[in-house]
Amino acid sequence: MEWYALLLIPILLILIVIVRTIQFKPNQFPEMKKKHEIDEKRVVESLSKMLQFKTISSSDKSNEDENEFKKFRAFIKERYPFILEHAEYSEHERGMLFKIKGESAEFPTVLMSHYDVVPINGDWIHDPFSGLVSDTTVYGRGALDTKSSLNAVMESVEHVLSKDKKFKNDLYLAFSGDEEISGPSAKAIVEHLKSQGVKPYMVLDEGGAIVSKMFPGVKEKAAVIGIAEKGYLDITLTAVSRGGHASTPPKDTPLTDLSKAVTVLNQSKAFKLKMTDPVRYLFNALAPHSKSLPIKILFANLWLFMPVVKMIAKKNGGEFLSMFKTTQAFTQASGSEASNVLPSKATIGINYRLRPFETSEDVVRKIKKIIKNPNIDVAITSVSEATSVSDVDEAFRMVQRAINQVWSDVLVAPYLMVATTDSRNYHEICEHVYKFSPMDVSKADLAKIHGIDEDITIENVINGVNFYINLLEQL
Ligand SMILES: [Zn+2]
């Protein structure tokens, strides 16, 4: 081989990179806008009324008022006569389940939401349970998270039924009353569906939304639909004393053992960055729209540049990094009660968020291997594994269509959710579990979720109902 033949390799690589960048085109189909004749005043009033129930869920039962939950359920049943007439209604723990029979039971859909809210914190301008309506907004705890989606589901189904329309497939409306504390109602509803042999074709719950600046160089807003959720794992490391006194301490005590463990865990590279399908799909949907040529070249050629993307992720940190890996946060520590007493036992609490395909078992194995100390006990105190990844196919495109019929110029992309929702319980019985809240939200709006002065624009309230009607027409 002549020496100049070696030059062919870089030239070939550059050619492939150029061709792939040119072929890296957006693939999104334009949709005609569809707006339905809905009673906007009624829709806004329904949400306002829902916000007036103090359905605060709390792991401390004394902070909950069961009567408010009861009153909320009674209100829903009275407010939606068409649904009540057509549906079979049942309660599971605090969960509400409506089943509306369609012509077929083959491809059932479940529309989910929750009607509990997180407690009130900080100083609100108005009463958080006033349901105050202004010219442009509806105000109150739960306006964004997520009585708005419950309202949009109920109003859209009521609208369709009032027009005497029939559904092709069975439709379930499932609302839990303890999502914020990972309570039992969503699980109870899933158990009930399983006992009835129901295998949903599609499940849609709260989750992603329409956001701006989702990807570098992309000017358009993006509607991100969660297709998987990271897992949640709490670990407690415990070390016990092997004797000694603070005045004559041994070289190692429970606290030094644990400090060493924390240091090696913190430095460890065992939790590697890995590209999984939800992240790949997100990049493929958004990167072709980037106005930045270097970004386009990078993401059109992940086969070559993945190490560069991983480097950027490590440098950026935050949510970008957390999409790629299991994260590790040291959250709790305990030792002895007094500064002059050696602890008989000390503990460290660590919170992990598991990336898809890494299990709690994998993590525990890694921890033990890294800390290499038989005196430290590694125990799981709470766990919910990462979900499976939902298919992105015709079911996904139905949601995409319903979005673009309302918001015609937003990009629609699958993504990986870092937060957890009730719909994680459905992955075992459904291959299309999607997480999306039909609202266009700013950074300021997102800060109001679990924050103060939560409100939603009336535009979002109305658009949400139109979104669900568009979806119902396809079911
Ligand atoms: Zn929520």
# chains A, B, ... in the order shown; residues from 1 in each chain; ligands from 1

call {"tool": "residues_near_ligand", "arguments": {"ligand": "ligand 1", "cutoff": "7 Å", "atoms": "only C-alpha atoms and all ligand atoms", "output": "CSV table (one decimal) with N, CA and C atoms, in the first residue's frame"}}
result
chain,number,residue,atom,x,y,z
A,114,HIS,N,-54.3,13.6,38.1
A,114,HIS,CA,-54.5,13.4,39.5
A,114,HIS,C,-55.1,14.7,40.1
A,145,ASP,N,-50.4,21.8,37.9
A,145,ASP,CA,-50.1,20.5,38.4
A,145,ASP,C,-51.2,20.0,39.3
A,146,THR,N,-52.2,19.2,38.8
A,146,THR,CA,-52.6,19.1,37.4
A,146,THR,C,-54.1,19.0,37.2
A,179,GLU,N,-51.0,11.2,44.0
A,179,GLU,CA,-49.8,11.2,43.2
A,179,GLU,C,-48.6,11.8,43.8
A,180,GLU,N,-48.9,12.9,44.5
A,180,GLU,CA,-47.8,13.7,45.0
A,180,GLU,C,-47.0,13.0,46.2
A,206,GLU,N,-50.0,13.2,32.7
A,206,GLU,CA,-49.2,14.4,32.8
A,206,GLU,C,-47.7,14.1,32.5
A,421,THR,N,-44.1,10.0,37.5
A,421,THR,CA,-45.5,10.2,37.5
A,421,THR,C,-46.2,8.9,37.8

call {"tool": "residues_around", "arguments": {"residues": "stretch 311-320 of chain A", "least_positions_apart": "4", "cutoff": "8 Å", "atoms": "only C-alpha atoms", "output": "count of residues only"}}
result
3

call {"tool": "residues_around", "arguments": {"residues": "A:His159", "least_positions_apart": "4", "cutoff": "10 Å", "atoms": "only C-alpha atoms", "output": "list in words"}}
result
His36, Glu37, Ile38, Asp39, Tyr80, Phe82, Ile83, Val153, Met154, Glu155, Lys163, Asp164, Lys165, Val465 and Ile469 of chain A

call {"tool": "write_last_selection", "arguments": {"atoms": "C-alpha atoms", "output": "PDB file, in the first residue's frame"}}
result
ATOM      1  CA  HIS A  36     -63.839  23.069  18.335  1.00  0.00           C
ATOM      2  CA  GLU A  37     -66.965  24.940  19.395  1.00  0.00           C
ATOM      3  CA  ILE A  38     -66.591  24.617  23.130  1.00  0.00           C
ATOM      4  CA  ASP A  39     -68.293  26.516  25.914  1.00  0.00           C
ATOM      5  CA  TYR A  80     -70.454  15.951  34.099  1.00  0.00           C
ATOM      6  CA  PHE A  82     -73.154  12.998  30.051  1.00  0.00           C
ATOM      7  CA  ILE A  83     -70.077  11.161  31.311  1.00  0.00           C
ATOM      8  CA  VAL A 153     -59.999  15.474  29.971  1.00  0.00           C
ATOM      9  CA  MET A 154     -63.458  15.747  31.579  1.00  0.00           C
ATOM     10  CA  GLU A 155     -64.550  18.768  29.533  1.00  0.00           C
ATOM     11  CA  LYS A 163     -72.722  15.681  20.579  1.00  0.00           C
ATOM     12  CA  ASP A 164     -74.051  12.112  20.664  1.00  0.00           C
ATOM     13  CA  LYS A 165     -70.794  10.731  19.278  1.00  0.00           C
ATOM     14  CA  VAL A 465     -59.633  20.883  25.852  1.00  0.00           C
ATOM     15  CA  ILE A 469     -60.964  16.477  21.587  1.00  0.00           C
TER      16      ILE A 469
END

call {"tool": "closest_residue", "arguments": {"among": "A:Gln405, A:Gln474, A:Asn301, A:Thr359", "to": "A:Ser388", "atoms": "only C-alpha atoms"}}
result
A:Thr359

call {"tool": "select_by_dssp", "arguments": {"residues": "stretch 65-184 of chain A", "states": "alpha helix (DSSP H)", "output": "MDAnalysis selection string"}}
result
chainID A and resid 66:79 81:86 147:162

call {"tool": "select_by_dssp", "arguments": {"residues": "stretch 391-463 of chain A", "states": "strand (DSSP E or B)", "output": "ChimeraX atom specification"}}
result
/A:411-417,433-440,455-457

call {"tool": "write_last_selection", "arguments": {"atoms": "N, CA and C atoms", "output": "short mmCIF file (atom, residue, chain, number, x, y, z; two decimals), in the first residue's frame"}}
result
data_model
loop_
_atom_site.label_atom_id
_atom_site.label_comp_id
_atom_site.auth_asym_id
_atom_site.auth_seq_id
_atom_site.Cartn_x
_atom_site.Cartn_y
_atom_site.Cartn_z
N LEU A 411 -42.51 21.79 17.47
CA LEU A 411 -41.90 20.50 17.15
C LEU A 411 -42.34 19.51 18.21
N VAL A 412 -42.53 18.27 17.83
CA VAL A 412 -42.94 17.26 18.80
C VAL A 412 -41.83 16.23 18.93
N ALA A 413 -41.44 15.96 20.16
CA ALA A 413 -40.31 15.05 20.35
C ALA A 413 -40.51 14.14 21.56
N PRO A 414 -40.12 12.88 21.45
CA PRO A 414 -40.11 12.00 22.61
C PRO A 414 -38.98 12.42 23.54
N TYR A 415 -39.10 12.12 24.84
CA TYR A 415 -37.97 12.38 25.73
C TYR A 415 -38.02 11.49 26.97
N LEU A 416 -36.96 11.57 27.73
CA LEU A 416 -36.85 10.78 28.96
C LEU A 416 -37.21 11.66 30.14
N MET A 417 -38.18 11.22 30.96
CA MET A 417 -38.55 12.04 32.12
C MET A 417 -37.64 11.74 33.30
N VAL A 433 -47.14 4.15 26.77
CA VAL A 433 -47.44 5.02 27.91
C VAL A 433 -46.74 6.35 27.65
N TYR A 434 -47.54 7.41 27.47
CA TYR A 434 -46.99 8.72 27.12
C TYR A 434 -47.29 9.71 28.24
N LYS A 435 -46.35 10.63 28.43
CA LYS A 435 -46.46 11.60 29.51
C LYS A 435 -46.36 13.01 28.94
N PHE A 436 -47.53 13.68 28.85
CA PHE A 436 -47.55 15.00 28.24
C PHE A 436 -48.72 15.81 28.80
N SER A 437 -48.45 17.04 29.22
CA SER A 437 -49.50 17.95 29.67
C SER A 437 -49.69 19.00 28.58
N PRO A 438 -50.90 19.10 28.02
CA PRO A 438 -51.11 19.99 26.88
C PRO A 438 -51.13 21.46 27.28
N MET A 439 -49.98 22.03 27.53
CA MET A 439 -49.91 23.46 27.84
C MET A 439 -48.56 24.02 27.43
N ASP A 440 -48.60 25.29 27.02
CA ASP A 440 -47.42 26.01 26.57
C ASP A 440 -46.90 26.80 27.78
N ASP A 455 -50.65 29.58 38.64
CA ASP A 455 -51.81 29.89 37.81
C ASP A 455 -51.59 29.38 36.40
N ILE A 456 -52.65 29.37 35.60
CA ILE A 456 -52.55 28.90 34.22
C ILE A 456 -53.27 29.90 33.33
N THR A 457 -52.77 30.11 32.12
CA THR A 457 -53.45 31.05 31.23
C THR A 457 -54.74 30.42 30.72
#

call {"tool": "residues_around", "arguments": {"residues": "stretch 446-450 of chain A", "least_positions_apart": "2", "cutoff": "9 Å", "atoms": "only C-alpha atoms", "output": "NGL selection string"}}
result
:A and (117-121 or 141-145 or 441-444 or 452-455)

call {"tool": "residues_around", "arguments": {"residues": "A:Tyr115", "least_positions_apart": "6", "cutoff": "12 Å", "atoms": "only C-alpha atoms", "output": "PyMOL selection string"}}
result
chain A and resi 47+50-57+68-73+76+94-96+141-151+174-180+185-186+206+422

call {"tool": "closest_residue", "arguments": {"among": "A:Arg42, A:Lys291, A:His245, A:His126", "to": "A:Asn340", "atoms": "only C-alpha atoms"}}
result
A:His245

call {"tool": "closest_residue", "arguments": {"among": "A:Asn404, A:Ser423, A:Ser104, A:Ser212", "to": "A:Lys33", "atoms": "only C-alpha atoms"}}
result
A:Asn404

call {"tool": "residues_around", "arguments": {"residues": "stretch 392-401 of chain A", "least_positions_apart": "3", "cutoff": "10 Å", "atoms": "only C-alpha atoms", "output": "number ranges by chain"}}
result
A: 28-33, 201-204, 223-225, 227, 277-278, 281, 389, 404-408, 410-414, 431-434, 436, 467-468, 470-475
